[in-house]
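Raw coords.pdb, PDB, C-alpha atoms, pLDDT in the B column:
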```
ATOM      1  CA  MET A 104      -0.548 -17.418  -5.334  1.00 61.00           C
ATOM      2  CA  ASN A 105      -3.370 -18.867  -3.327  1.00 79.00           C
ATOM      3  CA  VAL A 106      -4.931 -16.583  -0.758  1.00 86.00           C
ATOM      4  CA  PRO A 107      -5.632 -18.484   2.469  1.00 88.00           C
ATOM      5  CA  ASP A 108      -9.198 -18.908   3.655  1.00 87.00           C
ATOM      6  CA  PHE A 109      -8.821 -16.341   6.439  1.00 88.00           C
ATOM      7  CA  ALA A 110      -8.009 -13.662   3.820  1.00 89.00           C
ATOM      8  CA  GLN A 111     -10.666 -14.558   1.250  1.00 87.00           C
ATOM      9  CA  GLY A 112     -13.222 -11.877   0.419  1.00 88.00           C
ATOM     10  CA  LEU A 113     -11.799  -9.151   2.636  1.00 90.00           C
ATOM     11  CA  ASP A 114     -12.855  -5.550   2.078  1.00 89.00           C
ATOM     12  CA  ALA A 115     -10.490  -2.581   2.634  1.00 86.00           C
ATOM     13  CA  PRO A 116     -10.996  -2.461   6.444  1.00 89.00           C
ATOM     14  CA  GLY A 117     -10.482  -6.223   6.626  1.00 89.00           C
ATOM     15  CA  TRP A 118      -7.225  -6.018   4.686  1.00 90.00           C
ATOM     16  CA  GLU A 119      -6.110  -3.075   6.805  1.00 89.00           C
ATOM     17  CA  LYS A 120      -6.656  -5.108   9.982  1.00 90.00           C
ATOM     18  CA  LEU A 121      -4.886  -8.148   8.537  1.00 89.00           C
ATOM     19  CA  LEU A 122      -1.890  -6.054   7.452  1.00 90.00           C
ATOM     20  CA  PHE A 123      -1.799  -4.151  10.764  1.00 85.00           C
ATOM     21  CA  ASN A 124      -1.653  -7.472  12.599  1.00 85.00           C
ATOM     22  CA  GLY A 125       1.446  -8.281  10.546  1.00 85.00           C
ATOM     23  CA  ALA A 126       3.044  -4.870  11.137  1.00 83.00           C
ATOM     24  CA  ASP A 127       3.672  -5.416  14.838  1.00 74.00           C
ATOM     25  CA  ALA A 128       2.687  -1.826  15.752  1.00 72.00           C
ATOM     26  CA  GLN A 129       5.407  -0.234  13.620  1.00 86.00           C
ATOM     27  CA  PHE A 130       4.222   2.972  11.934  1.00 88.00           C
ATOM     28  CA  THR A 131       6.802   2.489   9.180  1.00 89.00           C
ATOM     29  CA  ILE A 132       5.003  -0.699   8.131  1.00 91.00           C
ATOM     30  CA  GLU A 133       1.439   0.223   9.107  1.00 94.00           C
ATOM     31  CA  ALA A 134       1.408   3.451   7.070  1.00 95.00           C
ATOM     32  CA  PRO A 135       2.198   1.930   3.658  1.00 96.00           C
ATOM     33  CA  ALA A 136       0.043  -1.134   4.387  1.00 95.00           C
ATOM     34  CA  ARG A 137      -2.866   1.158   5.263  1.00 95.00           C
ATOM     35  CA  LEU A 138      -2.358   3.094   2.028  1.00 97.00           C
ATOM     36  CA  ILE A 139      -2.423  -0.082  -0.077  1.00 97.00           C
ATOM     37  CA  ALA A 140      -5.502  -1.423   1.739  1.00 95.00           C
ATOM     38  CA  ARG A 141      -7.409   1.845   1.506  1.00 95.00           C
ATOM     39  CA  HIS A 142      -6.517   2.517  -2.142  1.00 96.00           C
ATOM     40  CA  GLY A 143      -8.202  -0.731  -3.048  1.00 93.00           C
ATOM     41  CA  TYR A 144      -6.444  -1.682  -6.270  1.00 97.00           C
ATOM     42  CA  TRP A 145      -3.339  -3.698  -5.462  1.00 97.00           C
ATOM     43  CA  LEU A 146      -4.909  -6.274  -3.173  1.00 95.00           C
ATOM     44  CA  GLN A 147      -7.183  -7.290  -6.056  1.00 94.00           C
ATOM     45  CA  VAL A 148      -4.276  -7.943  -8.448  1.00 96.00           C
ATOM     46  CA  PRO A 149      -3.181 -11.611  -8.523  1.00 95.00           C
ATOM     47  CA  GLU A 150       0.366 -10.716  -9.613  1.00 97.00           C
ATOM     48  CA  PHE A 151       0.726  -8.353  -6.631  1.00 97.00           C
ATOM     49  CA  MET A 152      -0.472 -11.034  -4.224  1.00 96.00           C
ATOM     50  CA  GLU A 153       2.811 -12.858  -4.841  1.00 96.00           C
ATOM     51  CA  PHE A 154       4.383 -10.161  -2.632  1.00 97.00           C
ATOM     52  CA  VAL A 155       1.950 -10.649   0.243  1.00 96.00           C
ATOM     53  CA  GLU A 156       3.019 -13.053   2.966  1.00 95.00           C
ATOM     54  CA  PHE A 157       0.318 -14.554   5.133  1.00 95.00           C
ATOM     55  CA  TYR A 158       0.819 -15.409   8.788  1.00 93.00           C
ATOM     56  CA  PRO A 159      -2.085 -17.564   9.990  1.00 91.00           C
ATOM     57  CA  PRO A 160      -4.405 -17.179  11.661  1.00 91.00           C
ATOM     58  CA  ASP A 161      -4.902 -13.426  11.156  1.00 92.00           C
ATOM     59  CA  ALA A 162      -1.931 -11.479   9.829  1.00 94.00           C
ATOM     60  CA  ALA A 163      -0.172 -10.596   6.588  1.00 95.00           C
ATOM     61  CA  GLY A 164       2.646  -8.419   5.329  1.00 95.00           C
ATOM     62  CA  ILE A 165       3.746  -6.933   2.015  1.00 96.00           C
ATOM     63  CA  ARG A 166       7.265  -7.269   0.667  1.00 96.00           C
ATOM     64  CA  PHE A 167       7.389  -3.706  -0.631  1.00 96.00           C
ATOM     65  CA  PRO A 168      10.920  -3.671  -2.113  1.00 95.00           C
ATOM     66  CA  GLU A 169      10.176  -6.715  -4.261  1.00 96.00           C
ATOM     67  CA  ALA A 170       6.746  -5.411  -5.289  1.00 97.00           C
ATOM     68  CA  ALA A 171       8.186  -2.038  -6.337  1.00 97.00           C
ATOM     69  CA  ALA A 172      10.980  -3.772  -8.264  1.00 97.00           C
ATOM     70  CA  ALA A 173       8.381  -5.864 -10.107  1.00 98.00           C
ATOM     71  CA  LEU A 174       6.426  -2.713 -10.936  1.00 97.00           C
ATOM     72  CA  ASP A 175       9.562  -0.984 -12.213  1.00 96.00           C
ATOM     73  CA  ALA A 176      10.353  -4.029 -14.356  1.00 98.00           C
ATOM     74  CA  GLY A 177       6.871  -3.972 -15.897  1.00 97.00           C
ATOM     75  CA  ARG A 178       5.732  -7.215 -14.271  1.00 98.00           C
ATOM     76  CA  LEU A 179       2.670  -5.762 -12.500  1.00 98.00           C
ATOM     77  CA  PRO A 180      -0.431  -4.631 -14.364  1.00 98.00           C
ATOM     78  CA  THR A 181      -1.889  -1.214 -13.659  1.00 97.00           C
ATOM     79  CA  ARG A 182      -4.999   0.636 -14.723  1.00 97.00           C
ATOM     80  CA  ASP A 183      -3.263   3.990 -14.813  1.00 96.00           C
ATOM     81  CA  GLN A 184      -0.390   6.100 -13.490  1.00 95.00           C
ATOM     82  CA  GLU A 185      -2.121   6.514 -10.133  1.00 96.00           C
ATOM     83  CA  ASP A 186      -1.826   2.800  -9.356  1.00 97.00           C
ATOM     84  CA  GLU A 187       1.917   2.975 -10.008  1.00 96.00           C
ATOM     85  CA  ASN A 188       2.264   6.142  -7.940  1.00 96.00           C
ATOM     86  CA  VAL A 189       0.469   4.658  -4.942  1.00 97.00           C
ATOM     87  CA  LEU A 190       2.644   1.533  -4.891  1.00 97.00           C
ATOM     88  CA  ARG A 191       5.868   3.504  -5.349  1.00 96.00           C
ATOM     89  CA  PHE A 192       4.858   5.958  -2.615  1.00 96.00           C
ATOM     90  CA  ALA A 193       4.001   3.077  -0.260  1.00 96.00           C
ATOM     91  CA  ALA A 194       7.308   1.349  -1.002  1.00 96.00           C
ATOM     92  CA  GLY A 195       9.141   4.600  -0.255  1.00 95.00           C
ATOM     93  CA  LEU A 196       7.359   4.942   3.091  1.00 94.00           C
ATOM     94  CA  ALA A 197       8.185   1.336   3.945  1.00 94.00           C
ATOM     95  CA  GLY A 198      11.915   1.565   3.452  1.00 90.00           C
ATOM     96  CA  GLU A 199      14.752   2.165   1.103  1.00 82.00           C
ATOM     97  CA  TYR A 200      12.825   2.488  -2.156  1.00 90.00           C
ATOM     98  CA  ARG A 201      13.554   5.858  -3.737  1.00 90.00           C
ATOM     99  CA  PHE A 202      10.700   7.664  -5.397  1.00 86.00           C
ATOM    100  CA  LEU A 203      10.153  11.105  -6.819  1.00 85.00           C
ATOM    101  CA  LEU A 204       7.777  13.384  -4.975  1.00 86.00           C
ATOM    102  CA  THR A 205       6.198  13.885  -8.383  1.00 84.00           C
ATOM    103  CA  TYR A 206       4.592  10.446  -7.895  1.00 80.00           C
ATOM    104  CA  ALA A 207       2.538  11.937  -5.058  1.00 83.00           C
ATOM    105  CA  ALA A 208       1.764  15.179  -6.841  1.00 86.00           C
ATOM    106  CA  GLU A 209       0.866  14.337 -10.440  1.00 90.00           C
ATOM    107  CA  ASN A 210      -1.646  12.113 -12.225  1.00 93.00           C
ATOM    108  CA  ASN A 211      -3.550  11.184  -9.074  1.00 94.00           C
ATOM    109  CA  SER A 212      -7.149  11.614  -8.032  1.00 94.00           C
ATOM    110  CA  ALA A 213      -7.954  13.833  -5.060  1.00 93.00           C
ATOM    111  CA  GLU A 214      -8.792  10.645  -3.151  1.00 94.00           C
ATOM    112  CA  ALA A 215      -5.375   9.086  -3.850  1.00 95.00           C
ATOM    113  CA  ILE A 216      -3.594  12.318  -2.882  1.00 94.00           C
ATOM    114  CA  ALA A 217      -5.512  12.347   0.404  1.00 96.00           C
ATOM    115  CA  LEU A 218      -4.610   8.701   1.038  1.00 96.00           C
ATOM    116  CA  MET A 219      -0.920   9.368   0.363  1.00 96.00           C
ATOM    117  CA  ALA A 220      -0.920  12.478   2.578  1.00 95.00           C
ATOM    118  CA  GLU A 221      -2.579  10.538   5.391  1.00 96.00           C
ATOM    119  CA  ALA A 222      -0.066   7.701   4.990  1.00 96.00           C
ATOM    120  CA  LEU A 223       2.796  10.180   5.304  1.00 94.00           C
ATOM    121  CA  MET A 224       1.277  11.692   8.438  1.00 95.00           C
ATOM    122  CA  TYR A 225       0.551   8.239   9.871  1.00 94.00           C
ATOM    123  CA  ARG A 226       4.138   7.161   9.273  1.00 93.00           C
ATOM    124  CA  ASP A 227       5.300  10.093  11.404  1.00 92.00           C
ATOM    125  CA  GLY A 228       2.954   9.172  14.246  1.00 92.00           C
ATOM    126  CA  PHE A 229      -0.028  11.381  13.394  1.00 93.00           C
ATOM    127  CA  THR A 230      -2.302   8.354  13.341  1.00 90.00           C
ATOM    128  CA  THR A 231      -5.632  10.169  13.408  1.00 92.00           C
ATOM    129  CA  SER A 232      -4.826  12.996  11.006  1.00 93.00           C
ATOM    130  CA  THR A 233      -6.894  13.391   7.876  1.00 95.00           C
ATOM    131  CA  ALA A 234      -6.302  15.180   4.584  1.00 95.00           C
ATOM    132  CA  THR A 235      -8.955  16.984   2.587  1.00 91.00           C
ATOM    133  CA  PRO A 236      -7.728  18.153  -0.827  1.00 84.00           C
ATOM    134  CA  ARG A 237      -9.650  21.119  -2.172  1.00 82.00           C
ATOM    135  CA  PRO A 238      -9.417  22.669  -5.637  1.00 76.00           C
TER     136      PRO A 238
END
```
What would you get if you wrote out this structure as structure tokens?
Amino acid sequence: MNVPDFAQGLDAPGWEKLLFNGADAQFTIEAPARLIARHGYWLQVPEFMEFVEFYPPDAAGIRFPEAAAALDAGRLPTRDQEDENVLRFAAGLAGEYRFLLTYAAENNSAEAIALMAEALMYRDGFTTSTATPRP
């Protein structure tokens, strides 16, 4: 998939803004989009970009059910279990994708756990809440 010019070279905050513009102020869509943008892996994966729809001039959205199905079918590359967990968690926040809570609790860095916790809080309307995992 070709990424349009307005989405070329975006960093995490840029992607977050682009995806928020496509979410139409719905926490159920903003929360998982924010998680994917802040995690930083999936938006660099060409195969994942097939599930991103662009709405010129400044918006985009992720088709989470299709992306999660592709992951489950082994059609998306990952570096490790954390990448899978983040996408599955995001897909679960976005809609009807069922995931085990284990995906949020095991084989993740402290940073990824914080991002998932913040996404969960954001989805419920706690948009400025932060998580700080401590050993």
With the file shown as input, list the residues that the PyMOL selection byres ((chain A and resi 214-223) around 12) selects, as a JSON list (two decimals) with C-alpha atoms, in the frame of the given file.
```
[["chain", "number", "residue", "atom", "x", "y", "z"],
["A", 130, "PHE", "CA", 4.22, 2.97, 11.93],
["A", 131, "THR", "CA", 6.80, 2.49, 9.18],
["A", 132, "ILE", "CA", 5.00, -0.70, 8.13],
["A", 133, "GLU", "CA", 1.44, 0.22, 9.11],
["A", 134, "ALA", "CA", 1.41, 3.45, 7.07],
["A", 135, "PRO", "CA", 2.20, 1.93, 3.66],
["A", 136, "ALA", "CA", 0.04, -1.13, 4.39],
["A", 137, "ARG", "CA", -2.87, 1.16, 5.26],
["A", 138, "LEU", "CA", -2.36, 3.09, 2.03],
["A", 139, "ILE", "CA", -2.42, -0.08, -0.08],
["A", 140, "ALA", "CA", -5.50, -1.42, 1.74],
["A", 141, "ARG", "CA", -7.41, 1.84, 1.51],
["A", 142, "HIS", "CA", -6.52, 2.52, -2.14],
["A", 143, "GLY", "CA", -8.20, -0.73, -3.05],
["A", 144, "TYR", "CA", -6.44, -1.68, -6.27],
["A", 184, "GLN", "CA", -0.39, 6.10, -13.49],
["A", 185, "GLU", "CA", -2.12, 6.51, -10.13],
["A", 186, "ASP", "CA", -1.83, 2.80, -9.36],
["A", 187, "GLU", "CA", 1.92, 2.98, -10.01],
["A", 188, "ASN", "CA", 2.26, 6.14, -7.94],
["A", 189, "VAL", "CA", 0.47, 4.66, -4.94],
["A", 190, "LEU", "CA", 2.64, 1.53, -4.89],
["A", 191, "ARG", "CA", 5.87, 3.50, -5.35],
["A", 192, "PHE", "CA", 4.86, 5.96, -2.62],
["A", 193, "ALA", "CA", 4.00, 3.08, -0.26],
["A", 194, "ALA", "CA", 7.31, 1.35, -1.00],
["A", 195, "GLY", "CA", 9.14, 4.60, -0.26],
["A", 196, "LEU", "CA", 7.36, 4.94, 3.09],
["A", 197, "ALA", "CA", 8.18, 1.34, 3.94],
["A", 204, "LEU", "CA", 7.78, 13.38, -4.97],
["A", 205, "THR", "CA", 6.20, 13.88, -8.38],
["A", 206, "TYR", "CA", 4.59, 10.45, -7.90],
["A", 207, "ALA", "CA", 2.54, 11.94, -5.06],
["A", 208, "ALA", "CA", 1.76, 15.18, -6.84],
["A", 209, "GLU", "CA", 0.87, 14.34, -10.44],
["A", 210, "ASN", "CA", -1.65, 12.11, -12.22],
["A", 211, "ASN", "CA", -3.55, 11.18, -9.07],
["A", 212, "SER", "CA", -7.15, 11.61, -8.03],
["A", 213, "ALA", "CA", -7.95, 13.83, -5.06],
["A", 224, "MET", "CA", 1.28, 11.69, 8.44],
["A", 225, "TYR", "CA", 0.55, 8.24, 9.87],
["A", 226, "ARG", "CA", 4.14, 7.16, 9.27],
["A", 227, "ASP", "CA", 5.30, 10.09, 11.40],
["A", 228, "GLY", "CA", 2.95, 9.17, 14.25],
["A", 229, "PHE", "CA", -0.03, 11.38, 13.39],
["A", 230, "THR", "CA", -2.30, 8.35, 13.34],
["A", 231, "THR", "CA", -5.63, 10.17, 13.41],
["A", 232, "SER", "CA", -4.83, 13.00, 11.01],
["A", 233, "THR", "CA", -6.89, 13.39, 7.88],
["A", 234, "ALA", "CA", -6.30, 15.18, 4.58],
["A", 235, "THR", "CA", -8.96, 16.98, 2.59],
["A", 236, "PRO", "CA", -7.73, 18.15, -0.83],
["A", 237, "ARG", "CA", -9.65, 21.12, -2.17]]
```
Segment 225-228 of chain A: axis-aligned bounding box, 5 Å on each side, centre and edge lengths in Å, one decimal, as JSON:
```
{"center_x": 2.9, "center_y": 8.6, "center_z": 11.8, "size_x": 14.7, "size_y": 12.9, "size_z": 15.0}
```
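If all atoms listed in the file are the atoms counted, then among A:Phe109, A:Trp145, A:Phe154, A:Phe123 the closest residue to Arg166 of chain A is A:Phe154.
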* Picked residues, the PyMOL selection byres ((chain A and resi 175) around 12), expected as a list in words -> Pro168, Glu169, Ala170, Ala171, Ala172, Ala173, Leu174, Ala176, Gly177, Arg178, Leu179, Pro180, Thr181, Glu187, Asn188, Leu190, Arg191, Ala194, Tyr200, Arg201 and Phe202 of chain A
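When all atoms listed in the file are used to compute distances to Leu146 of chain A, the closest of the residues A:Asp127, A:Asp161, A:Glu119, A:Glu199 turns out to be A:Glu119.
Counting from atom CA of Leu203 of chain A, the distance to atom CA of Pro116 of chain A is 28.4 Å.
The two atoms in question, atom CA of Asp183 of chain A and atom CA of Gln147 of chain A, are spaced 14.8 Å apart.
If you look at atom CA of Phe157 of chain A and atom CA of Ala126 of chain A, they are 11.7 Å away from each other.
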Please evaluate the PyMOL selection byres ((chain A and resi 158) around 12) against the displayed coordinates and give the resulting residues as a short mmCIF file (atom, residue, chain, number, x, y, z; two decimals) with C-alpha atoms, in the frame of the given file.
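What landed in out.cif:
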```
data_model
loop_
_atom_site.label_atom_id
_atom_site.label_comp_id
_atom_site.auth_asym_id
_atom_site.auth_seq_id
_atom_site.Cartn_x
_atom_site.Cartn_y
_atom_site.Cartn_z
CA VAL A 106 -4.93 -16.58 -0.76
CA PRO A 107 -5.63 -18.48 2.47
CA ASP A 108 -9.20 -18.91 3.66
CA PHE A 109 -8.82 -16.34 6.44
CA ALA A 110 -8.01 -13.66 3.82
CA LEU A 121 -4.89 -8.15 8.54
CA LEU A 122 -1.89 -6.05 7.45
CA PHE A 123 -1.80 -4.15 10.76
CA ASN A 124 -1.65 -7.47 12.60
CA GLY A 125 1.45 -8.28 10.55
CA ALA A 126 3.04 -4.87 11.14
CA VAL A 155 1.95 -10.65 0.24
CA GLU A 156 3.02 -13.05 2.97
CA PHE A 157 0.32 -14.55 5.13
CA PRO A 159 -2.08 -17.56 9.99
CA PRO A 160 -4.40 -17.18 11.66
CA ASP A 161 -4.90 -13.43 11.16
CA ALA A 162 -1.93 -11.48 9.83
CA ALA A 163 -0.17 -10.60 6.59
CA GLY A 164 2.65 -8.42 5.33
CA ILE A 165 3.75 -6.93 2.02
#
```
Residue rebuild result segment 134-145 of chain A, all heavy atoms as a compact mmCIF listing (two decimals), in the coordinates of the input:
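Saved to result_8.txt:
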```
# COMPACT_ATOMS: atom_id res chain seq x y z
N ALA A 134 1.79 2.35 7.97
CA ALA A 134 1.41 3.45 7.07
C ALA A 134 1.31 3.01 5.61
O ALA A 134 0.28 3.24 4.96
CB ALA A 134 2.37 4.63 7.22
N PRO A 135 2.34 2.36 5.05
CA PRO A 135 2.20 1.93 3.66
C PRO A 135 1.17 0.82 3.48
O PRO A 135 0.48 0.76 2.47
CB PRO A 135 3.60 1.48 3.26
CG PRO A 135 4.32 1.24 4.53
CD PRO A 135 3.69 2.13 5.55
N ALA A 136 1.05 -0.07 4.47
CA ALA A 136 0.04 -1.13 4.39
C ALA A 136 -1.36 -0.53 4.38
O ALA A 136 -2.22 -0.95 3.60
CB ALA A 136 0.20 -2.10 5.56
N ARG A 137 -1.57 0.47 5.21
CA ARG A 137 -2.87 1.16 5.26
C ARG A 137 -3.18 1.82 3.93
O ARG A 137 -4.30 1.77 3.43
CB ARG A 137 -2.80 2.19 6.39
CG ARG A 137 -4.06 2.95 6.61
CD ARG A 137 -3.84 3.88 7.82
NE ARG A 137 -5.06 4.53 8.20
CZ ARG A 137 -5.22 5.85 8.27
NH1 ARG A 137 -4.22 6.65 7.97
NH2 ARG A 137 -6.35 6.36 8.63
N LEU A 138 -2.18 2.45 3.33
CA LEU A 138 -2.36 3.09 2.03
C LEU A 138 -2.78 2.07 0.98
O LEU A 138 -3.74 2.29 0.24
CB LEU A 138 -1.06 3.80 1.60
CG LEU A 138 -1.01 4.35 0.18
CD1 LEU A 138 -2.12 5.35 -0.08
CD2 LEU A 138 0.36 4.97 -0.08
N ILE A 139 -2.09 0.95 0.91
CA ILE A 139 -2.42 -0.08 -0.08
C ILE A 139 -3.82 -0.63 0.17
O ILE A 139 -4.61 -0.79 -0.76
CB ILE A 139 -1.37 -1.21 -0.07
CG1 ILE A 139 -0.01 -0.68 -0.56
CG2 ILE A 139 -1.82 -2.41 -0.88
CD1 ILE A 139 0.01 -0.18 -1.99
N ALA A 140 -4.17 -0.88 1.42
CA ALA A 140 -5.50 -1.42 1.74
C ALA A 140 -6.59 -0.42 1.39
O ALA A 140 -7.62 -0.78 0.81
CB ALA A 140 -5.58 -1.79 3.22
N ARG A 141 -6.38 0.84 1.72
CA ARG A 141 -7.41 1.84 1.51
C ARG A 141 -7.53 2.24 0.04
O ARG A 141 -8.62 2.62 -0.40
CB ARG A 141 -7.12 3.06 2.38
CG ARG A 141 -7.29 2.72 3.86
CD ARG A 141 -6.86 3.84 4.76
NE ARG A 141 -7.87 4.91 4.73
CZ ARG A 141 -7.61 6.17 5.04
NH1 ARG A 141 -6.41 6.55 5.39
NH2 ARG A 141 -8.58 7.06 5.00
N HIS A 142 -6.46 2.17 -0.72
CA HIS A 142 -6.52 2.52 -2.14
C HIS A 142 -7.38 1.51 -2.90
O HIS A 142 -8.09 1.86 -3.83
CB HIS A 142 -5.11 2.60 -2.75
CG HIS A 142 -5.11 3.00 -4.17
ND1 HIS A 142 -4.81 2.12 -5.19
CD2 HIS A 142 -5.37 4.19 -4.77
CE1 HIS A 142 -4.89 2.76 -6.35
NE2 HIS A 142 -5.22 4.01 -6.12
N GLY A 143 -7.28 0.26 -2.52
CA GLY A 143 -8.20 -0.73 -3.05
C GLY A 143 -7.82 -1.45 -4.33
O GLY A 143 -8.46 -2.41 -4.70
N TYR A 144 -6.78 -1.03 -5.00
CA TYR A 144 -6.44 -1.68 -6.27
C TYR A 144 -5.52 -2.88 -6.08
O TYR A 144 -5.84 -3.99 -6.52
CB TYR A 144 -5.78 -0.69 -7.23
CG TYR A 144 -5.26 -1.36 -8.49
CD1 TYR A 144 -6.15 -1.83 -9.45
CD2 TYR A 144 -3.91 -1.55 -8.71
CE1 TYR A 144 -5.70 -2.48 -10.59
CE2 TYR A 144 -3.45 -2.18 -9.85
CZ TYR A 144 -4.34 -2.64 -10.79
OH TYR A 144 -3.89 -3.28 -11.91
N TRP A 145 -4.40 -2.69 -5.44
CA TRP A 145 -3.34 -3.70 -5.46
C TRP A 145 -3.73 -5.03 -4.85
O TRP A 145 -3.29 -6.08 -5.31
CB TRP A 145 -2.07 -3.14 -4.80
CG TRP A 145 -1.43 -2.14 -5.70
CD1 TRP A 145 -1.38 -0.78 -5.53
CD2 TRP A 145 -0.80 -2.41 -6.95
NE1 TRP A 145 -0.75 -0.20 -6.60
CE2 TRP A 145 -0.38 -1.18 -7.49
CE3 TRP A 145 -0.55 -3.58 -7.68
CZ2 TRP A 145 0.27 -1.08 -8.71
CZ3 TRP A 145 0.10 -3.47 -8.89
CH2 TRP A 145 0.51 -2.24 -9.39
```
